[in-house]
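The file query.txt contains compact mmCIF, C-alpha atoms:
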# COMPACT_ATOMS: atom_id res chain seq x y z
CA MET A 252 12.34 -26.36 0.68
CA ILE A 253 15.81 -25.63 -0.74
CA ASN A 254 14.35 -26.11 -4.21
CA ILE A 255 11.98 -23.16 -3.71
CA VAL A 256 14.78 -20.79 -2.65
CA LEU A 257 16.80 -21.92 -5.70
CA LEU A 258 13.90 -21.08 -8.04
CA TYR A 259 13.57 -17.58 -6.60
CA LEU A 260 17.33 -17.01 -6.83
CA ILE A 261 17.32 -18.07 -10.49
CA SER A 262 14.51 -15.64 -11.33
CA LEU A 263 16.22 -12.81 -9.39
CA ILE A 264 19.58 -13.25 -11.12
CA THR A 265 18.00 -13.70 -14.57
CA SER A 266 16.05 -10.46 -14.16
CA ILE A 267 19.17 -8.51 -13.13
CA VAL A 268 21.21 -9.93 -16.03
CA VAL A 269 18.50 -9.23 -18.64
CA ALA A 270 17.96 -5.72 -17.25
CA LEU A 271 21.71 -5.01 -17.54
CA LEU A 272 21.57 -6.21 -21.15
CA LEU A 273 18.58 -3.95 -21.87
CA LYS A 274 20.55 -0.97 -20.50
CA VAL A 275 18.40 -0.23 -17.43
CA PRO A 276 20.33 2.19 -15.16
CA ILE A 277 21.57 1.00 -11.78
CA LEU A 278 20.17 4.03 -9.92
CA PRO A 279 17.64 6.58 -11.22
CA LYS A 280 19.37 9.57 -12.74
CA LYS A 281 16.88 12.25 -11.67
CA LYS A 282 17.34 13.33 -8.07
CA PRO A 283 15.65 13.28 -5.51
CA ILE A 284 15.21 9.56 -6.08
CA ARG A 285 11.97 9.27 -4.12
CA PHE A 286 10.00 11.30 -6.67
CA SER A 287 11.42 9.96 -9.93
CA PHE A 288 9.45 7.66 -12.22
CA GLU A 289 12.51 6.03 -13.82
CA THR A 290 12.96 2.33 -13.24
CA SER A 291 16.34 1.01 -12.14
CA ILE A 292 17.97 -2.31 -11.37
CA ILE A 293 17.69 -1.75 -7.61
CA PHE A 294 14.10 -0.71 -7.38
CA PRO A 295 11.32 -2.41 -9.27
CA THR A 296 13.22 -5.06 -11.27
CA PRO A 297 13.90 -7.71 -8.57
CA ILE A 298 10.51 -7.14 -6.93
CA LEU A 299 8.59 -7.65 -10.17
CA ALA A 300 10.59 -10.79 -11.00
CA LEU A 301 9.98 -12.36 -7.58
CA GLY A 302 6.27 -11.49 -7.75
CA ILE A 303 5.82 -13.04 -11.20
CA GLU A 304 7.75 -16.14 -10.08
CA ALA A 305 5.46 -16.47 -7.01
CA ILE A 306 2.37 -16.32 -9.23
CA LEU A 307 3.76 -18.83 -11.77
CA ARG A 308 4.95 -21.22 -9.08
CA ASN A 309 1.54 -21.28 -7.43
CA LEU A 310 -0.30 -21.75 -10.72
CA PHE A 311 1.91 -24.30 -12.48
CA GLY A 312 4.45 -25.88 -10.07
CA ASN A 313 8.18 -26.03 -9.43
CA TYR A 314 9.62 -25.88 -12.94
CA ILE A 315 12.99 -24.25 -13.63
CA TYR A 316 12.12 -22.86 -17.05
CA LEU A 317 9.24 -20.90 -15.44
CA ALA A 318 11.83 -19.18 -13.20
CA PHE A 319 13.76 -18.06 -16.30
CA ILE A 320 10.54 -16.79 -17.89
CA ALA A 321 9.65 -14.91 -14.69
CA GLY A 322 13.05 -13.18 -14.64
CA LEU A 323 12.71 -12.27 -18.31
CA PHE A 324 9.25 -10.79 -17.87
CA GLY A 325 10.34 -8.89 -14.76
CA ALA A 326 13.11 -7.17 -16.66
CA LEU A 327 10.89 -6.45 -19.68
CA LEU A 328 8.11 -4.99 -17.51
CA SER A 329 10.55 -2.73 -15.73
CA LYS A 330 12.18 -1.52 -18.94
CA TYR A 331 8.94 -0.76 -20.80
CA ALA A 332 6.86 0.44 -17.82
CA HIS A 333 6.88 3.98 -19.15
CA LYS A 334 5.31 2.92 -22.46
CA LEU A 335 2.71 0.69 -20.79
CA PHE A 336 1.46 3.06 -18.14
CA GLY A 337 2.07 6.46 -19.65
CA GLU A 338 3.25 9.66 -18.09
CA VAL A 339 0.79 11.74 -16.08
CA MET B 36 -17.51 -14.76 14.37
CA ASP B 37 -14.06 -14.02 15.67
CA ILE B 38 -13.12 -10.86 17.57
CA ILE B 39 -11.11 -9.49 14.66
CA GLU B 40 -14.02 -9.64 12.19
CA GLY B 41 -16.19 -8.05 14.87
CA VAL B 42 -13.83 -5.11 15.36
CA ILE B 43 -13.48 -4.53 11.60
CA GLY B 44 -17.24 -4.72 11.07
CA PHE B 45 -17.88 -2.27 13.91
CA ILE B 46 -15.40 0.24 12.46
CA ALA B 47 -17.04 -0.14 9.02
CA LEU B 48 -20.49 0.67 10.45
CA LEU B 49 -19.06 3.66 12.32
CA MET B 50 -17.58 4.99 9.08
CA VAL B 51 -20.94 4.62 7.31
CA PHE B 52 -22.59 6.79 9.98
CA ARG B 53 -19.86 9.41 9.82
CA ILE B 54 -20.13 9.60 6.03
CA PHE B 55 -23.82 10.42 6.32
CA LEU B 56 -23.42 12.90 9.16
CA THR B 57 -20.51 15.03 7.90
CA ARG B 58 -21.11 17.92 5.53
CA SER B 59 -17.79 18.52 3.80
CA ARG B 60 -17.16 16.53 0.61
CA ALA B 61 -13.44 16.24 1.20
CA ARG B 62 -13.91 14.75 4.67
CA LYS B 63 -16.47 12.30 3.28
CA LEU B 64 -13.71 11.05 0.97
CA LEU B 65 -11.42 10.37 3.94
CA TYR B 66 -14.09 8.33 5.72
CA LEU B 67 -14.82 6.50 2.46
CA CYS B 68 -11.16 5.55 2.16
CA CYS B 69 -11.25 3.99 5.65
CA LEU B 70 -14.46 2.13 4.68
CA SER B 71 -12.73 0.66 1.60
CA PHE B 72 -9.92 -0.63 3.80
CA CYS B 73 -12.48 -2.36 6.06
CA ILE B 74 -14.46 -3.94 3.20
CA SER B 75 -11.29 -5.18 1.53
CA ALA B 76 -10.14 -6.82 4.77
CA LEU B 77 -13.58 -8.42 5.31
CA ILE B 78 -13.64 -9.85 1.77
CA ALA B 79 -10.33 -11.60 2.40
CA LEU B 80 -11.17 -12.80 5.91
CA TYR B 81 -14.47 -14.39 4.93
CA VAL B 82 -13.42 -15.93 1.60
CA LYS B 83 -10.55 -17.85 3.13
CA SER B 84 -8.71 -18.70 -0.10
CA PRO B 85 -5.91 -17.11 -2.20
CA MET B 86 -8.43 -16.04 -4.86
CA GLY B 87 -10.28 -14.10 -2.14
CA GLY B 88 -7.05 -12.24 -1.47
CA ILE B 89 -6.60 -11.39 -5.15
CA VAL B 90 -10.22 -10.16 -5.28
CA ALA B 91 -9.61 -7.99 -2.19
CA ILE B 92 -6.49 -6.45 -3.74
CA ILE B 93 -8.22 -5.70 -7.03
CA TYR B 94 -11.27 -4.22 -5.24
CA PHE B 95 -9.03 -2.00 -3.14
CA ILE B 96 -6.96 -0.71 -6.06
CA CYS B 97 -10.11 0.03 -8.10
CA SER B 98 -11.70 1.91 -5.19
CA THR B 99 -8.51 3.96 -4.80
CA LEU B 100 -8.61 4.81 -8.53
CA THR B 101 -12.20 6.03 -8.26
CA SER B 102 -11.46 8.08 -5.12
CA ASN B 103 -8.55 9.63 -7.05
CA ALA B 104 -10.92 10.59 -9.88
CA ILE B 105 -13.51 12.01 -7.46
CA ALA B 106 -10.95 14.15 -5.61
CA TYR B 107 -9.50 15.41 -8.93
CA THR B 108 -13.00 16.38 -10.11
CA ILE B 109 -13.79 18.19 -6.84
CA GLU B 110 -10.64 20.27 -7.37
CA GLN B 111 -11.55 21.07 -10.99
CA VAL B 112 -15.10 22.06 -9.97
CA LYS B 113 -13.68 24.44 -7.39
CA ASP B 114 -11.62 26.12 -10.10
CA ILE B 115 -14.67 26.55 -12.31
CA GLU B 116 -16.77 28.03 -9.53
CA MET C 45 -8.49 -16.26 25.84
CA GLU C 46 -10.10 -12.98 24.85
CA ILE C 47 -7.85 -10.55 26.73
CA LEU C 48 -4.73 -12.05 25.10
CA ASP C 49 -6.37 -11.60 21.68
CA ILE C 50 -7.00 -7.93 22.41
CA ILE C 51 -3.42 -7.36 23.57
CA LYS C 52 -2.02 -9.04 20.43
CA LEU C 53 -4.37 -6.94 18.27
CA ILE C 54 -3.21 -3.70 19.87
CA ILE C 55 0.49 -4.59 19.61
CA ALA C 56 0.04 -5.55 15.93
CA GLY C 57 -1.78 -2.25 15.41
CA ILE C 58 1.08 -0.25 16.88
CA ILE C 59 3.64 -2.11 14.72
CA CYS C 60 1.57 -1.48 11.56
CA TRP C 61 1.12 2.21 12.46
CA ILE C 62 4.86 2.74 12.93
CA ASN C 63 5.59 0.79 9.72
CA PHE C 64 3.35 2.76 7.42
CA VAL C 65 3.82 6.24 8.93
CA LEU C 66 7.63 6.04 8.89
CA ILE C 67 7.86 4.63 5.37
CA ASP C 68 5.33 7.09 3.93
CA THR C 69 7.03 10.06 5.59
CA TYR C 70 10.45 8.91 4.38
CA PHE C 71 9.25 8.69 0.77
CA GLY C 72 7.93 12.22 0.81
CA LEU C 73 4.15 11.90 1.14
CA PRO C 74 3.79 14.99 3.41
CA GLU C 75 5.99 17.14 1.20
CA LYS C 76 3.77 17.78 -1.75
CA PRO C 77 0.46 16.51 -3.13
CA GLY C 78 1.22 13.67 -5.57
CA VAL C 79 -1.91 14.33 -7.65
CA LEU C 80 -4.38 17.22 -7.76
CA GLY C 81 -6.93 15.48 -5.56
CA ALA C 82 -4.56 15.36 -2.60
CA LYS C 83 -4.30 19.16 -2.77
CA THR C 84 -8.07 19.53 -2.19
CA ILE C 85 -8.01 17.36 0.88
CA GLY C 86 -4.88 19.04 2.26
CA GLU C 87 -6.38 22.49 1.94
CA LYS C 88 -9.66 21.41 3.56
CA ILE C 89 -7.75 19.97 6.52
CA LYS C 90 -5.83 23.23 6.86
CA GLU C 91 -9.17 25.10 6.83
CA ILE C 92 -10.48 23.14 9.82
CA GLY C 93 -7.37 23.97 11.81
CA GLY C 94 -4.99 21.14 11.02
CA ASN C 95 -1.50 21.01 9.54
CA LEU C 96 -1.05 21.39 5.76
CA ASN C 97 1.66 18.75 5.45
CA GLY C 98 -0.40 16.31 7.52
CA GLY C 99 -3.30 17.08 5.20
CA TYR C 100 -1.17 16.31 2.13
CA PHE C 101 -0.23 12.98 3.77
CA MET C 102 -3.89 12.06 4.34
CA GLY C 103 -4.83 13.19 0.83
CA ASN C 104 -2.06 11.09 -0.68
CA ILE C 105 -3.35 8.04 1.21
CA VAL C 106 -6.78 8.49 -0.44
CA CYS C 107 -5.54 9.11 -3.97
CA SER C 108 -2.92 6.41 -4.45
CA PRO C 109 -1.96 3.07 -2.89
CA ASP C 110 0.81 3.95 -0.44
CA ALA C 111 2.51 2.11 2.42
CA SER C 112 -0.80 1.84 4.32
CA ALA C 113 -2.38 -0.04 1.42
CA GLY C 114 0.78 -2.10 1.00
CA THR C 115 0.77 -3.06 4.67
CA LEU C 116 -2.91 -4.06 4.71
CA LEU C 117 -2.82 -6.05 1.47
CA ALA C 118 0.46 -7.74 2.35
CA SER C 119 -0.87 -8.85 5.75
CA ILE C 120 -3.99 -10.24 4.04
CA MET C 121 -1.92 -12.23 1.55
CA ASN C 122 0.48 -13.38 4.27
CA TYR C 123 -2.50 -14.73 6.22
CA LEU C 124 -3.81 -16.56 3.13
CA MET C 125 -0.64 -17.75 1.40
CA GLY C 126 2.46 -17.24 3.52
CA VAL C 127 5.58 -15.34 2.47
CA GLU C 128 4.90 -15.71 -1.26
CA GLY C 129 1.72 -13.71 -0.71
CA GLY C 130 3.86 -10.75 0.31
CA LEU C 131 5.83 -10.95 -2.95
CA ILE C 132 2.65 -11.14 -5.05
CA THR C 133 1.29 -8.14 -3.14
CA ALA C 134 4.41 -6.09 -3.89
CA LEU C 135 3.96 -6.77 -7.62
CA LEU C 136 0.24 -5.90 -7.67
CA VAL C 137 0.68 -2.77 -5.51
CA TRP C 138 3.41 -1.52 -7.86
CA ILE C 139 1.07 -1.96 -10.85
CA GLY C 140 -1.69 -0.14 -8.94
CA ASN C 141 0.68 2.71 -8.11
CA ARG C 142 1.66 3.17 -11.75
CA LEU C 143 -2.04 3.21 -12.71
CA CYS C 144 -2.59 6.06 -10.23
CA ALA C 145 0.41 8.06 -11.56
CA ASP C 146 2.70 7.44 -8.59
CA PRO C 147 6.30 6.14 -8.81
CA GLY C 148 5.61 3.23 -6.50
CA TYR C 149 8.33 3.35 -3.87
CA ALA C 150 6.18 3.65 -0.73
CA GLY C 151 3.66 0.91 -1.46
CA THR C 152 6.11 -1.82 -2.39
CA THR C 153 8.50 -1.00 0.45
CA GLY C 154 5.65 -1.09 2.98
CA ALA C 155 4.47 -4.47 1.69
CA LEU C 156 7.95 -6.01 1.81
CA THR C 157 8.85 -4.74 5.29
CA ILE C 158 5.59 -5.94 6.85
CA THR C 159 6.12 -9.33 5.17
CA LEU C 160 9.51 -9.54 6.88
CA ILE C 161 8.03 -8.48 10.23
CA ILE C 162 5.19 -11.02 10.00
CA TYR C 163 7.68 -13.77 9.10
CA LEU C 164 9.87 -12.91 12.10
CA LEU C 165 6.96 -12.69 14.56
CA HIS C 166 4.86 -15.59 13.33
CA PRO C 167 5.37 -17.89 16.36
CA ILE C 168 4.11 -15.12 18.66
CA ILE C 169 1.50 -13.07 16.75
CA GLU C 170 -0.29 -14.65 13.79
CA ALA C 171 -0.86 -12.81 10.53
CA LYS C 172 -4.60 -12.41 11.18
CA TYR C 173 -3.91 -9.96 14.03
CA PHE C 174 -1.91 -7.75 11.67
CA VAL C 175 -4.96 -7.42 9.40
CA GLY C 176 -7.10 -6.18 12.30
CA GLY C 177 -4.22 -4.09 13.63
CA MET C 178 -3.80 -2.31 10.32
CA ILE C 179 -7.51 -1.44 10.25
CA LEU C 180 -7.18 0.06 13.74
CA ALA C 181 -4.12 2.04 12.60
CA ILE C 182 -5.83 3.48 9.52
CA PHE C 183 -8.94 4.25 11.62
CA SER C 184 -6.77 6.32 13.97
CA ILE C 185 -5.54 8.45 11.05
CA GLN C 186 -8.46 8.67 8.60
CA GLY C 187 -11.54 7.93 10.64
CA PHE C 188 -11.15 9.37 14.12
CA GLU C 189 -10.21 13.06 14.35
CA HIS C 190 -8.77 14.63 11.21
CA LYS C 191 -7.45 17.79 12.89
CA TYR C 192 -5.33 16.12 15.57
CA ALA C 193 -4.16 13.32 13.26
CA SER C 194 -2.86 15.87 10.76
CA ILE C 195 -1.07 17.84 13.50
CA LEU C 196 0.65 14.65 14.70
CA LEU C 197 1.66 13.69 11.15
CA GLY C 198 2.98 17.20 10.57
CA LYS C 199 5.17 16.97 13.66
CA ILE C 200 6.61 13.62 12.53
CA ALA C 201 7.25 15.02 9.06
CA LYS C 202 9.10 18.01 10.49
CA LYS C 203 11.28 15.70 12.63
CA MET C 204 12.26 13.64 9.57
CA ASN C 205 12.97 16.74 7.42
CA ARG C 206 10.09 16.11 5.08
CA GLY C 207 7.74 18.85 6.25
CA GLU C 208 8.32 22.55 5.98
Write-out of the structure in C-alpha cells:
Amino acid sequence: MINIVLLYLISLITSIVVALLLKVPILPKKKPIRFSFETSIIFPTPILALGIEAILRNLFGNYIYLAFIAGLFGALLSKYAHKLFGEV
Amino acid sequence: MDIIEGVIGFIALLMVFRIFLTRSRARKLLYLCCLSFCISALIALYVKSPMGGIVAIIYFICSTLTSNAIAYTIEQVKDIE
Amino acid sequence: MEILDIIKLIIAGIICWINFVLIDTYFGLPEKPGVLGAKTIGEKIKEIGGNLNGGYFMGNIVCSPDASAGTLLASIMNYLMGVEGGLITALLVWIGNRLCADPGYAGTTGALTITLIIYLLHPIIEAKYFVGGMILAIFSIQGFEHKYASILLGKIAKKMNRGE
C-alpha cells in the first residue's frame, strides 16, 4: 500500500522537475486564468503525470522506472499540447 | 436488474420520445446530450470491467465531438439562410 | 431494502448536481459561448423565454466535456477501478477537452473533486449510486424543462459574478 503512494509521488515530482527544466510557466500569463489555453505547472502537468502512471501501473505492474517515464511523458505532453492539438 | 439500471433505462426511453416529439433542432440536441450520458452509463454498468469504462469514456467523448459539429453547422446554416 | 436505495440515489444526485453546477459556473461556462454551437443553443433558449446565460451554460455542456461529463465518467471509473479510475478519467477528459477546443479546467476539476467525495463517502454510499445520481442531475438540467432550468442557472451565475 505504501509502495503505491511512493510510485505516484515519484511520478508527480519527476513531472514537476522536468516541466521546470522545459521552462513551463508556474501560472498562465494571460488573465483571466479560467479562459487561457496555456499550460502551467499547477494545472495540467501533475494531473497528466498521475493519469499516465495509473494507466502504466494497471497495465504493467509496480515498477519504479515506469513512474519516471510517466512523469517524463506528463511534462512533455503538457509542454507540447499546443502543437499536438492545435489552436481553434 | 438493479434499481439504478432501471432508472437510467427509463430516463433514456423518455429522452427518445422527447427527441421525436419536439420540433426545434436546438432542443433536440439537448435531449440527445442527455441520451448520450445515459447510454455511456449503461455501457459501463453492464460491462463490469475496466475496459468497459474506457469504452464508455471514448463513446461519450466522440458523441460530444459530433454534437459540437452538428451545433456548429446549425449556426453556419442560419447565417447562410 | 428498496427505500434506502432510493434515498441514497437522491442524496448522491444532489451531491453531483451541486458539484458540477458550482464548478462549471466558477470556470465561466455561463459567461460566454465557448464554441459557436453553444451560441445557437443559448439563443434558442432565450427565444423560448429562458435566461441567456443559462442557455450558454446548457449549450456549453452539449459542445464540450465539462464538469458534468467529468463527474459522470469519474464516478463510472471509481465504481470499476477505485481511486486510480478517477485519475485516469482526469487525463482522458483533459484530452477530450483539448480535442473540442476547450482549455480543460472544468472537466478535470469536476472529475478530481467527485473522486475525493466518493473516496470520503465510500463506507456510506457506494460509487454505483453516484452514477445513477449524476444521470438524475443531468436529466434535471437538460431533459426536464429547459426554460426553468436556464432561469435557475442564470440566477446562480449572477450570484457568483459570472452572469451579467
Would you mind listing, for every residue of chain B within 8 Å of chain C, the two atoms forming the shortest contact and the distance between them in Å to one decimal, using all atoms listed in the file, sorted by chain and ascending residue number, as a tab-separated table?
residue	atom	partner	partner_atom	distance
B:Ile38	CA	C:Asp49	CA	7.9
B:Ile39	CA	C:Gly176	CA	5.7
B:Glu40	CA	C:Gly176	CA	7.7
B:Val42	CA	C:Gly176	CA	7.5
B:Ile43	CA	C:Gly176	CA	6.6
B:Ile46	CA	C:Phe183	CA	7.6
B:Met50	CA	C:Gly187	CA	6.9
B:Ala61	CA	C:Ile85	CA	5.6
B:Arg62	CA	C:Ile85	CA	7.5
B:Leu64	CA	C:Val106	CA	7.5
B:Leu65	CA	C:Gln186	CA	5.8
B:Tyr66	CA	C:Gly187	CA	5.6
B:Cys68	CA	C:Val106	CA	5.9
B:Cys69	CA	C:Gln186	CA	6.2
B:Phe72	CA	C:Ile179	CA	6.9
B:Cys73	CA	C:Ile179	CA	6.6
B:Ala76	CA	C:Val175	CA	7.0
B:Ala79	CA	C:Ile120	CA	6.7
B:Leu80	CA	C:Ile120	CA	7.8
B:Lys83	CA	C:Leu124	CA	6.9
B:Ser84	CA	C:Leu124	CA	6.2
B:Pro85	CA	C:Leu124	CA	5.8
B:Gly88	CA	C:Met121	CA	6.0
B:Ala91	CA	C:Leu117	CA	8.0
B:Ile92	CA	C:Leu117	CA	6.4
B:Ile96	CA	C:Gly140	CA	6.0
B:Thr99	CA	C:Cys107	CA	6.0
B:Leu100	CA	C:Cys144	CA	6.4
B:Ser102	CA	C:Cys107	CA	6.1
B:Asn103	CA	C:Cys107	CA	4.3
B:Ala104	CA	C:Gly81	CA	7.6
B:Ile105	CA	C:Gly81	CA	7.7
B:Ala106	CA	C:Gly81	CA	4.2
B:Tyr107	CA	C:Gly81	CA	4.2
B:Thr108	CA	C:Gly81	CA	7.6
B:Ile109	CA	C:Gly81	CA	7.5
B:Glu110	CA	C:Thr84	CA	5.8
List every residue of chain A that has an atom at most 8 Å from any atom of chain C, and for each one report the closest atom pair and its distance in Å to one decimal, counting only C-alpha atoms, with rows sorted by chain and then by increasing residue number, as CSV.
residue,atom,partner,partner_atom,distance
A:Arg285,CA,C:Phe71,CA,5.6
A:Phe286,CA,C:Pro147,CA,6.7
A:Ser287,CA,C:Pro147,CA,6.5
A:Phe288,CA,C:Pro147,CA,4.9
A:Glu289,CA,C:Pro147,CA,8.0
A:Phe294,CA,C:Tyr149,CA,7.9
A:Ile298,CA,C:Leu135,CA,6.6
A:Leu299,CA,C:Leu135,CA,5.4
A:Leu301,CA,C:Leu131,CA,6.4
A:Gly302,CA,C:Ile132,CA,4.5
A:Ile303,CA,C:Ile132,CA,7.2
A:Ala305,CA,C:Glu128,CA,5.8
A:Ile306,CA,C:Ile132,CA,6.7
A:Phe336,CA,C:Arg142,CA,6.4
A:Glu338,CA,C:Ala145,CA,7.3
A:Val339,CA,C:Ala145,CA,5.8
Here atom CA of A:Tyr316 and atom CA of A:Leu273 stand apart by 20.6 Å
| message | Just want the 12 Å neighbourhood of A:Pro297, counted on all atoms listed in the file, with same-chain residues fewer than 3 positions away dropped. Output as an NGL selection string. | response | (:A and (259-270 or 290-294 or 300-304 or 321-329)) or (:C and (131 or 134-135 or 152))
note - atom CA of C:Tyr192 and atom CA of C:Lys90 are separated by 11.3 Å
- Report the distance between atom CA of C:Gly93 and atom CA of C:Lys191 in Å, rounded to one decimal place.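 Between atom CA of C:Gly93 and atom CA of C:Lys191 the gap is 6.3 Å.
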Original post:
Pick the closest to chain A from B:Phe52, B:Met86, B:Lys63, B:Gln111: which is it, counting only C-alpha atoms?
Top reply: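 Nearest candidate to chain A out of B:Phe52, B:Met86, B:Lys63, B:Gln111: B:Met86.
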If you count all atoms listed in the file, the residue of B:Leu67, B:Leu49, B:Ile78, B:Ile89 closest to chain A turns out to be B:Ile89
| field | Of the listed residues A:Ala332, A:Leu258, A:Leu271, A:Leu310, that which approaches chain B most closely, counting only C-alpha atoms | value |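 Among A:Ala332, A:Leu258, A:Leu271, A:Leu310, it is A:Leu310 that comes nearest to chain B.
Distances to chain B were evaluated for A:Asn309, A:Ile277, A:Tyr331, A:Ile255 using only C-alpha atoms, and the minimum falls at A:Asn309.
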Residues near C:Lys199, cut-off 12 Å, only C-alpha atoms, skip fewer than 2 positions along chain, as a list in words:
Val65, Thr69, Pro74, Gly94, Asn95, Leu96, Asn97, Gly98, Gly99, Phe101, Tyr192, Ala193, Ser194, Ile195, Leu196, Leu197, Ala201, Lys202, Lys203, Met204, Asn205, Arg206, Gly207 and Glu208 of chain C
Dump of C-alpha atoms for the selected residues, as an mmCIF file, in the frame of the given file:
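File produced: selection.cif:
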data_model
loop_
_atom_site.group_PDB
_atom_site.id
_atom_site.type_symbol
_atom_site.label_atom_id
_atom_site.label_comp_id
_atom_site.auth_asym_id
_atom_site.auth_seq_id
_atom_site.Cartn_x
_atom_site.Cartn_y
_atom_site.Cartn_z
ATOM 1 C CA VAL C 65 3.820 6.240 8.930
ATOM 2 C CA THR C 69 7.030 10.060 5.590
ATOM 3 C CA PRO C 74 3.790 14.990 3.410
ATOM 4 C CA GLY C 94 -4.990 21.140 11.020
ATOM 5 C CA ASN C 95 -1.500 21.010 9.540
ATOM 6 C CA LEU C 96 -1.050 21.390 5.760
ATOM 7 C CA ASN C 97 1.660 18.750 5.450
ATOM 8 C CA GLY C 98 -0.400 16.310 7.520
ATOM 9 C CA GLY C 99 -3.300 17.080 5.200
ATOM 10 C CA PHE C 101 -0.230 12.980 3.770
ATOM 11 C CA TYR C 192 -5.330 16.120 15.570
ATOM 12 C CA ALA C 193 -4.160 13.320 13.260
ATOM 13 C CA SER C 194 -2.860 15.870 10.760
ATOM 14 C CA ILE C 195 -1.070 17.840 13.500
ATOM 15 C CA LEU C 196 0.650 14.650 14.700
ATOM 16 C CA LEU C 197 1.660 13.690 11.150
ATOM 17 C CA ALA C 201 7.250 15.020 9.060
ATOM 18 C CA LYS C 202 9.100 18.010 10.490
ATOM 19 C CA LYS C 203 11.280 15.700 12.630
ATOM 20 C CA MET C 204 12.260 13.640 9.570
ATOM 21 C CA ASN C 205 12.970 16.740 7.420
ATOM 22 C CA ARG C 206 10.090 16.110 5.080
ATOM 23 C CA GLY C 207 7.740 18.850 6.250
ATOM 24 C CA GLU C 208 8.320 22.550 5.980
#
